[in-house]
Amino acid sequence: FSCRKSTMWKYKEFMPVDPSGIISLDEGGTPFCKCDKLGEQLGIELYVKVEGSNPTGSFKDRGMSVGITKAMELGVDTVGCASTGNTSASLAAYAARAGLKCVVLLPAGKVALGKLAQAMFHGAQVLSVRGNFDQALEAITSLALQGHLYLLNSINPYRLEGQKSIGFEIVDDLGWKSPDRIILPVGNAGNISAIWKGITEFHRAGFIDDLPRMTGIQAEGAAPIAHAIWDGQKDIVPVENPETVATAIRIGAPVSSKKAIRAIYESDGLAETVSDEEILSAQKLLARTEGIGVEPASAASIAGLIKLVNTGKIDKGEQVVCVVTGHVLKDPNIAIDACEEPIEIDPDINSLLKVIKGN
Ligand code: F0G
């Protein structure tokens with residue numbers, strides 16, 4: 001693969017679509033940053049896979065590229081999704097590129113500003129639903145089942161086929177080997193299932209010898225999968241009113257929960273929960289220690305890593321890859337609220353000196 005352009009289509013033989021009709025914005029091929037400072041603090045070897053560097057600022061673009069390519073193959077004219085924000089931003093962009101009509105359902109008042117702006121600006125019909133994500137997904141699924149649109153939530157298997165390329169890239173980035181562990185935030189549970197699928201496909205193809213432990217992190221107020229794992233169950237008990245500052249993963253009834261739980265058991269992995277406070281503090285830590293700006297949901301993977309190291313569930317010296325799923329600019333309000341206001345000054349050297357020297 002090494003002489004090919006660094007996008008997810010580098011691995012096109014593993015994608016179940018006709019390669020002559022690919023709808024792409026050059027998604028994938030995202031940065032794989034070694035984080036020595038944070039790694040040293042935690043006593044591990046840490047890499048961060050920066051999915052915020054995708055065309056619309058989240059990992060969803062990988063799934064959408066395959067999903068929209070398939071939609072074109074099938075000849076549909078309208079696509080749709082329910083979303084906590086990123087899926088809608090991505091779908092709106094890829095639908096625009098393909099010339100398809102796009103409808104997105106968003107939980108009213110619970111979508112971060114950057115994501116809402118993207119969905120609207122790319123020309124989707126944006127509907128604000130009086131209800132949460134789970135209810136919006138149920139509504140649009142019924143519409144899709146009646147044949148009114150092609151559903152591009154991660155219940156659509158082609159979405160996962162695209163997102164499995166994160167797994168491909170991680171082992172490629174590491175020189176064709178598996179890390180000890182992959183940690184990522186879990187919301188609707190598509191991504192952890194997809195990455196595990198990618199990793200096991202490369203393992204079966206003989207590209208890698210080992211497998212990583214899949215480690216899913218959920219917000220305390222929206223953690224049905226973590227609870228199922230802790231209780232040794234194969235499926236979840238839905239959370240009625242999920243709540244977390246990380247609106248991207250504010251989900252009580254993940255559609256891919258069974259696949260995600262299987263991935264965690266099969267890989268001898270872990271599930272953990274983190275509080276909103278831990279999420280926000282990890283978000284700032286990553287931004288200020290390593291220069292990587294991510295949205296709150298993405299910081300759940302770092303918060304989970306810290307908690308698992310501190311409780312001794314991750315061994316010292318482990319090689320860990322944290323997938324950070326979305327860009328800090330997705331949720332500008334959270335970033336601004338976490339900081340002091342800029343100081344307003346007059347444009348002269350004395351005022352400047354007074355402020356930066358503190359006298
Ligand atoms: N991180 C971010 C930034 C997300 O937007 C999502 C999901 C996740 C993590 C969780 O991934 O659902 O595959 O377990 N966002 C969806 C959306 C639900 O509508 O944008 P998952």
# chains A, B, ... in the order shown; residues from 1 in each chain; ligands from 1

$ closest_atom_pairs --of "region 198-304 of chain A" --to "region 2-21 of chain A" --cutoff "12 Å" --atoms "only C-alpha atoms" --output "Markdown table"
| residue | atom | partner | partner_atom | distance |
| --- | --- | --- | --- | --- |
| A:Gly198 | CA | A:Phe14 | CA | 8.9 |
| A:Ile199 | CA | A:Phe14 | CA | 11.7 |
| A:Glu201 | CA | A:Phe14 | CA | 8.6 |
| A:Phe202 | CA | A:Phe14 | CA | 9.4 |
| A:Ala205 | CA | A:Phe14 | CA | 10.5 |

$ select_by_dssp --residues "region 66-277 of chain A" --states "strand (DSSP E)" --output "number ranges by chain"
A: 78-82, 101-107, 125-129, 150-151, 181-185, 213-219, 270-274

$ write_last_selection --atoms "N, CA and C atoms" --output "compact mmCIF listing (two decimals), in the first residue's frame"
# COMPACT_ATOMS: atom_id res chain seq x y z
N THR A 78 -32.50 10.51 -2.06
CA THR A 78 -32.51 11.22 -0.78
C THR A 78 -31.82 10.38 0.28
N VAL A 79 -30.96 11.04 1.06
CA VAL A 79 -30.30 10.36 2.18
C VAL A 79 -30.66 11.09 3.47
N GLY A 80 -30.53 10.40 4.58
CA GLY A 80 -30.86 11.06 5.85
C GLY A 80 -30.21 10.38 7.03
N CYS A 81 -30.22 11.09 8.15
CA CYS A 81 -29.71 10.51 9.40
C CYS A 81 -30.30 11.28 10.58
N ALA A 82 -30.23 10.63 11.76
CA ALA A 82 -30.39 11.36 13.02
C ALA A 82 -28.97 11.54 13.52
N LYS A 101 -30.21 14.80 -2.20
CA LYS A 101 -30.99 15.53 -1.21
C LYS A 101 -30.70 14.93 0.16
N CYS A 102 -30.63 15.77 1.17
CA CYS A 102 -30.21 15.29 2.49
C CYS A 102 -31.11 15.87 3.59
N VAL A 103 -31.60 14.98 4.46
CA VAL A 103 -32.43 15.39 5.60
C VAL A 103 -31.73 14.94 6.88
N VAL A 104 -31.56 15.85 7.84
CA VAL A 104 -30.95 15.44 9.11
C VAL A 104 -31.83 15.83 10.29
N LEU A 105 -31.93 14.92 11.25
CA LEU A 105 -32.71 15.15 12.46
C LEU A 105 -31.76 15.34 13.64
N LEU A 106 -31.87 16.49 14.30
CA LEU A 106 -30.97 16.80 15.41
C LEU A 106 -31.78 17.03 16.69
N PRO A 107 -31.28 16.52 17.84
CA PRO A 107 -31.97 16.81 19.09
C PRO A 107 -31.91 18.30 19.42
N GLN A 125 -31.48 19.65 4.71
CA GLN A 125 -32.69 20.10 5.38
C GLN A 125 -32.52 19.71 6.85
N VAL A 126 -32.39 20.70 7.71
CA VAL A 126 -32.07 20.44 9.12
C VAL A 126 -33.35 20.54 9.96
N LEU A 127 -33.70 19.44 10.61
CA LEU A 127 -34.91 19.41 11.44
C LEU A 127 -34.50 19.26 12.90
N SER A 128 -35.03 20.14 13.72
CA SER A 128 -34.71 20.15 15.13
C SER A 128 -35.81 19.38 15.87
N VAL A 129 -35.43 18.27 16.47
CA VAL A 129 -36.43 17.36 17.04
C VAL A 129 -36.64 17.63 18.53
N TYR A 150 -32.71 6.95 2.16
CA TYR A 150 -31.67 5.96 2.45
C TYR A 150 -30.97 6.39 3.74
N LEU A 151 -31.06 5.53 4.76
CA LEU A 151 -30.58 5.89 6.10
C LEU A 151 -29.06 5.73 6.19
N ARG A 181 -3.22 -1.75 22.97
CA ARG A 181 -4.59 -1.33 23.30
C ARG A 181 -5.02 -0.17 22.42
N ILE A 182 -6.31 -0.18 22.05
CA ILE A 182 -6.91 0.98 21.37
C ILE A 182 -8.03 1.50 22.26
N ILE A 183 -7.99 2.79 22.56
CA ILE A 183 -9.02 3.38 23.43
C ILE A 183 -9.81 4.41 22.63
N LEU A 184 -11.14 4.36 22.76
CA LEU A 184 -11.94 5.36 22.05
C LEU A 184 -13.26 5.62 22.76
N PRO A 185 -13.84 6.81 22.50
CA PRO A 185 -15.15 7.09 23.09
C PRO A 185 -16.23 6.26 22.41
N ARG A 213 -6.32 -4.81 22.63
CA ARG A 213 -7.48 -4.85 23.52
C ARG A 213 -8.34 -3.62 23.24
N MET A 214 -9.58 -3.84 22.83
CA MET A 214 -10.47 -2.71 22.51
C MET A 214 -11.05 -2.16 23.81
N THR A 215 -10.87 -0.87 24.00
CA THR A 215 -11.26 -0.26 25.26
C THR A 215 -12.19 0.92 25.00
N GLY A 216 -13.44 0.77 25.41
CA GLY A 216 -14.47 1.77 25.13
C GLY A 216 -14.74 2.64 26.35
N ILE A 217 -14.82 3.95 26.11
CA ILE A 217 -15.07 4.89 27.21
C ILE A 217 -16.42 5.58 27.00
N GLN A 218 -17.24 5.58 28.02
CA GLN A 218 -18.52 6.29 27.94
C GLN A 218 -18.61 7.35 29.02
N ALA A 219 -19.47 8.33 28.79
CA ALA A 219 -19.74 9.34 29.82
C ALA A 219 -20.61 8.69 30.90
N LEU A 270 -11.71 -3.63 27.70
CA LEU A 270 -12.30 -3.02 28.90
C LEU A 270 -13.34 -1.99 28.51
N ALA A 271 -14.21 -1.69 29.46
CA ALA A 271 -15.07 -0.51 29.33
C ALA A 271 -14.90 0.32 30.59
N GLU A 272 -14.97 1.63 30.44
CA GLU A 272 -14.82 2.51 31.60
C GLU A 272 -15.76 3.70 31.41
N THR A 273 -16.10 4.33 32.53
CA THR A 273 -16.89 5.57 32.43
C THR A 273 -16.07 6.72 32.99
N VAL A 274 -16.40 7.92 32.51
CA VAL A 274 -15.72 9.12 33.01
C VAL A 274 -16.77 10.21 33.25

$ closest_residue --among "A:Gly28, A:Pro332, A:Gly52, A:Gly221" --to "ligand 1" --atoms "only C-alpha atoms and all ligand atoms"
A:Gly52

$ select_by_dssp --residues "region 1-127 of chain A" --states "alpha helix (DSSP H)" --output "ChimeraX atom specification"
/A:36-42,60-74,86-98,113-121

$ write_last_selection --atoms "N, CA and C atoms" --output "CSV table (one decimal), in the first residue's frame"
chain,number,residue,atom,x,y,z
A,36,ASP,N,4.8,12.0,23.7
A,36,ASP,CA,5.8,11.6,24.7
A,36,ASP,C,5.6,12.2,26.1
A,37,LYS,N,5.1,13.5,26.1
A,37,LYS,CA,5.0,14.2,27.4
A,37,LYS,C,3.9,13.5,28.2
A,38,LEU,N,2.7,13.4,27.6
A,38,LEU,CA,1.6,12.7,28.3
A,38,LEU,C,1.9,11.3,28.6
A,39,GLY,N,2.6,10.6,27.6
A,39,GLY,CA,2.9,9.2,27.8
A,39,GLY,C,3.8,9.0,29.0
A,40,GLU,N,4.8,9.9,29.1
A,40,GLU,CA,5.8,9.8,30.2
A,40,GLU,C,5.1,10.0,31.5
A,41,GLN,N,4.2,11.0,31.6
A,41,GLN,CA,3.5,11.3,32.8
A,41,GLN,C,2.7,10.0,33.3
A,42,LEU,N,2.2,9.3,32.3
A,42,LEU,CA,1.4,8.1,32.6
A,42,LEU,C,2.1,6.8,32.6
A,60,LYS,N,-16.4,10.6,11.0
A,60,LYS,CA,-17.6,10.2,10.3
A,60,LYS,C,-17.4,10.2,8.8
A,61,ASP,N,-16.4,11.0,8.3
A,61,ASP,CA,-16.2,11.2,6.9
A,61,ASP,C,-15.8,9.8,6.3
A,62,ARG,N,-15.1,9.0,7.0
A,62,ARG,CA,-14.7,7.7,6.4
A,62,ARG,C,-16.0,6.8,6.1
A,63,GLY,N,-16.9,6.8,7.0
A,63,GLY,CA,-18.1,6.0,6.8
A,63,GLY,C,-19.0,6.6,5.8
A,64,MET,N,-19.0,8.0,5.8
A,64,MET,CA,-19.9,8.6,4.8
A,64,MET,C,-19.4,8.5,3.4
A,65,SER,N,-18.1,8.4,3.2
A,65,SER,CA,-17.5,8.2,1.9
A,65,SER,C,-18.0,6.9,1.3
A,66,VAL,N,-17.9,5.8,2.1
A,66,VAL,CA,-18.4,4.5,1.6
A,66,VAL,C,-19.9,4.5,1.5
A,67,GLY,N,-20.6,5.1,2.5
A,67,GLY,CA,-22.1,5.1,2.5
A,67,GLY,C,-22.7,5.9,1.4
A,68,ILE,N,-22.1,7.0,1.0
A,68,ILE,CA,-22.6,7.8,-0.1
A,68,ILE,C,-22.3,7.1,-1.4
A,69,THR,N,-21.1,6.5,-1.5
A,69,THR,CA,-20.7,5.8,-2.7
A,69,THR,C,-21.8,4.7,-2.9
A,70,LYS,N,-22.1,4.0,-1.9
A,70,LYS,CA,-23.1,2.9,-2.0
A,70,LYS,C,-24.5,3.5,-2.4
A,71,ALA,N,-24.8,4.6,-1.8
A,71,ALA,CA,-26.1,5.3,-2.1
A,71,ALA,C,-26.2,5.6,-3.6
A,72,MET,N,-25.1,6.0,-4.2
A,72,MET,CA,-25.1,6.3,-5.6
A,72,MET,C,-25.2,5.1,-6.4
A,73,GLU,N,-24.5,4.0,-6.0
A,73,GLU,CA,-24.6,2.7,-6.7
A,73,GLU,C,-26.1,2.2,-6.7
A,74,LEU,N,-26.8,2.4,-5.6
A,74,LEU,CA,-28.2,2.0,-5.4
A,74,LEU,C,-29.1,2.9,-6.2
A,86,ASN,N,-22.1,15.4,14.5
A,86,ASN,CA,-21.0,15.1,13.5
A,86,ASN,C,-21.5,14.3,12.3
A,87,THR,N,-22.3,13.3,12.5
A,87,THR,CA,-22.8,12.5,11.4
A,87,THR,C,-23.6,13.4,10.4
A,88,SER,N,-24.3,14.4,11.0
A,88,SER,CA,-25.1,15.2,10.1
A,88,SER,C,-24.2,16.2,9.3
A,89,ALA,N,-23.1,16.7,10.0
A,89,ALA,CA,-22.2,17.6,9.3
A,89,ALA,C,-21.5,16.8,8.1
A,90,SER,N,-21.1,15.6,8.4
A,90,SER,CA,-20.5,14.8,7.4
A,90,SER,C,-21.4,14.4,6.2
A,91,LEU,N,-22.6,13.9,6.6
A,91,LEU,CA,-23.6,13.5,5.6
A,91,LEU,C,-23.9,14.7,4.7
A,92,ALA,N,-24.1,15.9,5.3
A,92,ALA,CA,-24.5,17.0,4.5
A,92,ALA,C,-23.4,17.3,3.5
A,93,ALA,N,-22.2,17.2,3.9
A,93,ALA,CA,-21.1,17.6,2.9
A,93,ALA,C,-21.0,16.5,1.8
A,94,TYR,N,-21.0,15.2,2.2
A,94,TYR,CA,-20.9,14.2,1.1
A,94,TYR,C,-22.1,14.1,0.2
A,95,ALA,N,-23.3,14.4,0.8
A,95,ALA,CA,-24.5,14.5,0.0
A,95,ALA,C,-24.4,15.6,-1.0
A,96,ALA,N,-23.9,16.7,-0.6
A,96,ALA,CA,-23.7,17.9,-1.5
A,96,ALA,C,-22.7,17.5,-2.6
A,97,ARG,N,-21.7,16.8,-2.3
A,97,ARG,CA,-20.7,16.4,-3.3
A,97,ARG,C,-21.3,15.4,-4.3
A,98,ALA,N,-22.2,14.6,-3.8
A,98,ALA,CA,-22.8,13.6,-4.7
A,98,ALA,C,-24.0,14.1,-5.4
A,113,LEU,N,-22.3,24.0,18.2
A,113,LEU,CA,-22.5,25.0,17.2
A,113,LEU,C,-21.8,24.7,15.9
A,114,GLY,N,-20.6,24.3,15.9
A,114,GLY,CA,-19.8,24.0,14.7
A,114,GLY,C,-20.5,23.0,13.8
A,115,LYS,N,-21.0,22.0,14.5
A,115,LYS,CA,-21.7,20.9,13.7
A,115,LYS,C,-23.0,21.3,13.1
A,116,LEU,N,-23.8,22.1,13.8
A,116,LEU,CA,-25.0,22.7,13.3
A,116,LEU,C,-24.7,23.6,12.1
A,117,ALA,N,-23.7,24.4,12.3
A,117,ALA,CA,-23.3,25.3,11.2
A,117,ALA,C,-23.0,24.5,9.9
A,118,GLN,N,-22.2,23.4,10.1
A,118,GLN,CA,-21.8,22.6,8.9
A,118,GLN,C,-23.0,22.0,8.2
A,119,ALA,N,-23.9,21.4,9.0
A,119,ALA,CA,-25.1,20.7,8.4
A,119,ALA,C,-25.9,21.7,7.6
A,120,MET,N,-26.1,22.9,8.2
A,120,MET,CA,-26.9,23.9,7.5
A,120,MET,C,-26.2,24.5,6.3
A,121,PHE,N,-24.9,24.7,6.4
A,121,PHE,CA,-24.2,25.4,5.4
A,121,PHE,C,-24.0,24.5,4.1

$ atom_distance --atom1 "CA of Leu286 (chain A)" --atom2 "atom 3 (C, counted along the ligand's line) of ligand 1"
15.2 Å

$ closest_residue --among "A:Ile249, A:Leu145, A:Leu100, A:Ala303" --to "ligand 1" --atoms "only C-alpha atoms and all ligand atoms"
A:Ile249

$ residues_near_ligand --ligand "ligand 1" --cutoff "9 Å" --atoms "only C-alpha atoms and all ligand atoms" --output "PyMOL selection string"
chain A and resi 51-52+57-60+81-90+106+115+133+153-154+160+163+184-194+216+218+246-251+254-257+260+294-300+323-327+330

$ atom_distance --atom1 "CA of Gly291 (chain A)" --atom2 "CA of Leu46 (chain A)"
14.4 Å

$ residues_around --residues "Pro224 (chain A)" --least-positions-apart "3" --cutoff "7 Å" --atoms "only C-alpha atoms" --output "ChimeraX atom specification"
/A:227-228,236-239,252

$ atom_distance --atom1 "CA of Ile44 (chain A)" --atom2 "CA of Ile306 (chain A)"
10.6 Å

$ closest_residue --among "A:Ala139, A:Val328, A:Ile229, A:Ala108" --to "Ala263 (chain A)" --atoms "only C-alpha atoms"
A:Ile229

$ residues_around --residues "Lys49 (chain A)" --least-positions-apart "2" --cutoff "8 Å" --atoms "only C-alpha atoms" --output "VMD selection string"
chain A and resid 30 to 33 47 51 170 321 to 324

$ residues_around --residues "Gly317 (chain A)" --least-positions-apart "2" --cutoff "7 Å" --atoms "only C-alpha atoms" --output "list in words"
Gly43, Ile44, Glu45, Asp315 and Gln319 of chain A

$ closest_residue --among "A:Val320, A:Ile155, A:Leu329, A:Ile261" --to "Ile140 (chain A)" --atoms "only C-alpha atoms"
A:Ile155

$ closest_residue --among "A:Lys110, A:Lys164, A:Arg288, A:Asp134" --to "Thr244 (chain A)" --atoms "only C-alpha atoms"
A:Lys110

$ closest_residue --among "A:Ala222, A:Leu152, A:Ile279, A:Ile356" --to "Ile343 (chain A)" --atoms "only C-alpha atoms"
A:Ile356

$ decode --residues "region 297-338 of chain A" --atoms "N, CA and C atoms" --output "PDB file, in the first residue's frame"
ATOM      1  N   ALA A 297     -16.288  14.877  23.552  1.00  0.00           N
ATOM      2  CA  ALA A 297     -16.481  13.418  23.423  1.00  0.00           C
ATOM      3  C   ALA A 297     -15.153  12.725  23.142  1.00  0.00           C
ATOM      4  N   SER A 298     -14.339  13.333  22.305  1.00  0.00           N
ATOM      5  CA  SER A 298     -13.045  12.745  21.954  1.00  0.00           C
ATOM      6  C   SER A 298     -12.128  12.671  23.160  1.00  0.00           C
ATOM      7  N   ALA A 299     -12.229  13.690  24.018  1.00  0.00           N
ATOM      8  CA  ALA A 299     -11.383  13.720  25.216  1.00  0.00           C
ATOM      9  C   ALA A 299     -11.754  12.611  26.185  1.00  0.00           C
ATOM     10  N   ALA A 300     -12.915  12.016  26.006  1.00  0.00           N
ATOM     11  CA  ALA A 300     -13.298  10.886  26.867  1.00  0.00           C
ATOM     12  C   ALA A 300     -12.266   9.768  26.763  1.00  0.00           C
ATOM     13  N   SER A 301     -11.660   9.600  25.588  1.00  0.00           N
ATOM     14  CA  SER A 301     -10.666   8.518  25.454  1.00  0.00           C
ATOM     15  C   SER A 301      -9.441   8.819  26.323  1.00  0.00           C
ATOM     16  N   ILE A 302      -9.027  10.087  26.373  1.00  0.00           N
ATOM     17  CA  ILE A 302      -7.875  10.472  27.205  1.00  0.00           C
ATOM     18  C   ILE A 302      -8.263  10.380  28.694  1.00  0.00           C
ATOM     19  N   ALA A 303      -9.453  10.862  29.011  1.00  0.00           N
ATOM     20  CA  ALA A 303      -9.922  10.795  30.407  1.00  0.00           C
ATOM     21  C   ALA A 303      -9.994   9.341  30.871  1.00  0.00           C
ATOM     22  N   GLY A 304     -10.469   8.476  29.989  1.00  0.00           N
ATOM     23  CA  GLY A 304     -10.563   7.052  30.317  1.00  0.00           C
ATOM     24  C   GLY A 304      -9.192   6.432  30.501  1.00  0.00           C
ATOM     25  N   LEU A 305      -8.261   6.820  29.612  1.00  0.00           N
ATOM     26  CA  LEU A 305      -6.881   6.330  29.729  1.00  0.00           C
ATOM     27  C   LEU A 305      -6.305   6.689  31.100  1.00  0.00           C
ATOM     28  N   ILE A 306      -6.469   7.950  31.486  1.00  0.00           N
ATOM     29  CA  ILE A 306      -5.913   8.412  32.764  1.00  0.00           C
ATOM     30  C   ILE A 306      -6.512   7.604  33.913  1.00  0.00           C
ATOM     31  N   LYS A 307      -7.836   7.415  33.871  1.00  0.00           N
ATOM     32  CA  LYS A 307      -8.509   6.681  34.946  1.00  0.00           C
ATOM     33  C   LYS A 307      -8.032   5.227  35.005  1.00  0.00           C
ATOM     34  N   LEU A 308      -7.867   4.615  33.848  1.00  0.00           N
ATOM     35  CA  LEU A 308      -7.460   3.200  33.816  1.00  0.00           C
ATOM     36  C   LEU A 308      -6.007   3.015  34.260  1.00  0.00           C
ATOM     37  N   VAL A 309      -5.170   4.012  33.963  1.00  0.00           N
ATOM     38  CA  VAL A 309      -3.781   3.949  34.452  1.00  0.00           C
ATOM     39  C   VAL A 309      -3.779   4.128  35.971  1.00  0.00           C
ATOM     40  N   ASN A 310      -4.537   5.127  36.439  1.00  0.00           N
ATOM     41  CA  ASN A 310      -4.550   5.417  37.878  1.00  0.00           C
ATOM     42  C   ASN A 310      -5.134   4.279  38.709  1.00  0.00           C
ATOM     43  N   THR A 311      -6.035   3.492  38.118  1.00  0.00           N
ATOM     44  CA  THR A 311      -6.622   2.378  38.873  1.00  0.00           C
ATOM     45  C   THR A 311      -5.872   1.071  38.621  1.00  0.00           C
ATOM     46  N   GLY A 312      -4.761   1.170  37.890  1.00  0.00           N
ATOM     47  CA  GLY A 312      -3.927  -0.010  37.665  1.00  0.00           C
ATOM     48  C   GLY A 312      -4.491  -1.006  36.650  1.00  0.00           C
ATOM     49  N   LYS A 313      -5.511  -0.595  35.880  1.00  0.00           N
ATOM     50  CA  LYS A 313      -6.084  -1.527  34.897  1.00  0.00           C
ATOM     51  C   LYS A 313      -5.314  -1.517  33.584  1.00  0.00           C
ATOM     52  N   ILE A 314      -4.502  -0.474  33.389  1.00  0.00           N
ATOM     53  CA  ILE A 314      -3.577  -0.462  32.254  1.00  0.00           C
ATOM     54  C   ILE A 314      -2.174  -0.580  32.839  1.00  0.00           C
ATOM     55  N   ASP A 315      -1.402  -1.497  32.286  1.00  0.00           N
ATOM     56  CA  ASP A 315      -0.056  -1.744  32.812  1.00  0.00           C
ATOM     57  C   ASP A 315       0.909  -0.658  32.377  1.00  0.00           C
ATOM     58  N   LYS A 316       1.902  -0.397  33.218  1.00  0.00           N
ATOM     59  CA  LYS A 316       2.984   0.505  32.847  1.00  0.00           C
ATOM     60  C   LYS A 316       3.680  -0.067  31.617  1.00  0.00           C
ATOM     61  N   GLY A 317       4.088   0.825  30.728  1.00  0.00           N
ATOM     62  CA  GLY A 317       4.817   0.379  29.536  1.00  0.00           C
ATOM     63  C   GLY A 317       3.946  -0.087  28.382  1.00  0.00           C
ATOM     64  N   GLU A 318       2.640  -0.153  28.572  1.00  0.00           N
ATOM     65  CA  GLU A 318       1.762  -0.575  27.464  1.00  0.00           C
ATOM     66  C   GLU A 318       1.868   0.409  26.299  1.00  0.00           C
ATOM     67  N   GLN A 319       1.712  -0.127  25.088  1.00  0.00           N
ATOM     68  CA  GLN A 319       1.638   0.735  23.916  1.00  0.00           C
ATOM     69  C   GLN A 319       0.149   0.980  23.622  1.00  0.00           C
ATOM     70  N   VAL A 320      -0.265   2.243  23.793  1.00  0.00           N
ATOM     71  CA  VAL A 320      -1.690   2.584  23.716  1.00  0.00           C
ATOM     72  C   VAL A 320      -1.940   3.585  22.587  1.00  0.00           C
ATOM     73  N   VAL A 321      -3.001   3.335  21.814  1.00  0.00           N
ATOM     74  CA  VAL A 321      -3.453   4.311  20.815  1.00  0.00           C
ATOM     75  C   VAL A 321      -4.811   4.849  21.252  1.00  0.00           C
ATOM     76  N   CYS A 322      -4.890   6.150  21.480  1.00  0.00           N
ATOM     77  CA  CYS A 322      -6.178   6.789  21.766  1.00  0.00           C
ATOM     78  C   CYS A 322      -6.702   7.403  20.473  1.00  0.00           C
ATOM     79  N   VAL A 323      -7.921   7.037  20.100  1.00  0.00           N
ATOM     80  CA  VAL A 323      -8.543   7.652  18.931  1.00  0.00           C
ATOM     81  C   VAL A 323      -9.297   8.880  19.422  1.00  0.00           C
ATOM     82  N   VAL A 324      -8.902  10.060  18.912  1.00  0.00           N
ATOM     83  CA  VAL A 324      -9.654  11.267  19.250  1.00  0.00           C
ATOM     84  C   VAL A 324     -10.471  11.645  18.019  1.00  0.00           C
ATOM     85  N   THR A 325     -11.786  11.668  18.214  1.00  0.00           N
ATOM     86  CA  THR A 325     -12.738  11.508  17.126  1.00  0.00           C
ATOM     87  C   THR A 325     -13.173  12.780  16.408  1.00  0.00           C
ATOM     88  N   GLY A 326     -13.082  13.949  17.104  1.00  0.00           N
ATOM     89  CA  GLY A 326     -13.566  15.185  16.484  1.00  0.00           C
ATOM     90  C   GLY A 326     -12.747  16.398  16.902  1.00  0.00           C
ATOM     91  N   HIS A 327     -12.768  17.431  16.070  1.00  0.00           N
ATOM     92  CA  HIS A 327     -11.942  18.635  16.241  1.00  0.00           C
ATOM     93  C   HIS A 327     -12.482  19.554  17.342  1.00  0.00           C
ATOM     94  N   VAL A 328     -11.577  20.269  17.992  1.00  0.00           N
ATOM     95  CA  VAL A 328     -11.978  21.200  19.065  1.00  0.00           C
ATOM     96  C   VAL A 328     -12.968  22.255  18.556  1.00  0.00           C
ATOM     97  N   LEU A 329     -12.842  22.674  17.286  1.00  0.00           N
ATOM     98  CA  LEU A 329     -13.712  23.734  16.765  1.00  0.00           C
ATOM     99  C   LEU A 329     -15.153  23.280  16.551  1.00  0.00           C
ATOM    100  N   LYS A 330     -15.401  22.000  16.684  1.00  0.00           N
ATOM    101  CA  LYS A 330     -16.779  21.502  16.588  1.00  0.00           C
ATOM    102  C   LYS A 330     -17.644  22.119  17.674  1.00  0.00           C
ATOM    103  N   ASP A 331     -17.043  22.314  18.842  1.00  0.00           N
ATOM    104  CA  ASP A 331     -17.800  22.816  19.993  1.00  0.00           C
ATOM    105  C   ASP A 331     -17.077  24.031  20.581  1.00  0.00           C
ATOM    106  N   PRO A 332     -17.137  25.167  19.861  1.00  0.00           N
ATOM    107  CA  PRO A 332     -16.370  26.342  20.295  1.00  0.00           C
ATOM    108  C   PRO A 332     -16.836  26.879  21.643  1.00  0.00           C
ATOM    109  N   ASN A 333     -18.114  26.746  21.950  1.00  0.00           N
ATOM    110  CA  ASN A 333     -18.614  27.284  23.224  1.00  0.00           C
ATOM    111  C   ASN A 333     -17.947  26.630  24.414  1.00  0.00           C
ATOM    112  N   ILE A 334     -17.758  25.309  24.333  1.00  0.00           N
ATOM    113  CA  ILE A 334     -17.110  24.590  25.431  1.00  0.00           C
ATOM    114  C   ILE A 334     -15.677  25.086  25.609  1.00  0.00           C
ATOM    115  N   ALA A 335     -14.984  25.267  24.477  1.00  0.00           N
ATOM    116  CA  ALA A 335     -13.589  25.703  24.547  1.00  0.00           C
ATOM    117  C   ALA A 335     -13.499  27.100  25.165  1.00  0.00           C
ATOM    118  N   ILE A 336     -14.362  28.001  24.737  1.00  0.00           N
ATOM    119  CA  ILE A 336     -14.314  29.377  25.238  1.00  0.00           C
ATOM    120  C   ILE A 336     -14.685  29.421  26.726  1.00  0.00           C
ATOM    121  N   ASP A 337     -15.709  28.650  27.097  1.00  0.00           N
ATOM    122  CA  ASP A 337     -16.145  28.641  28.505  1.00  0.00           C
ATOM    123  C   ASP A 337     -15.055  28.113  29.440  1.00  0.00           C
ATOM    124  N   ALA A 338     -14.124  27.321  28.901  1.00  0.00           N
ATOM    125  CA  ALA A 338     -13.087  26.711  29.743  1.00  0.00           C
ATOM    126  C   ALA A 338     -11.919  27.672  29.996  1.00  0.00           C
TER     127      ALA A 338
END
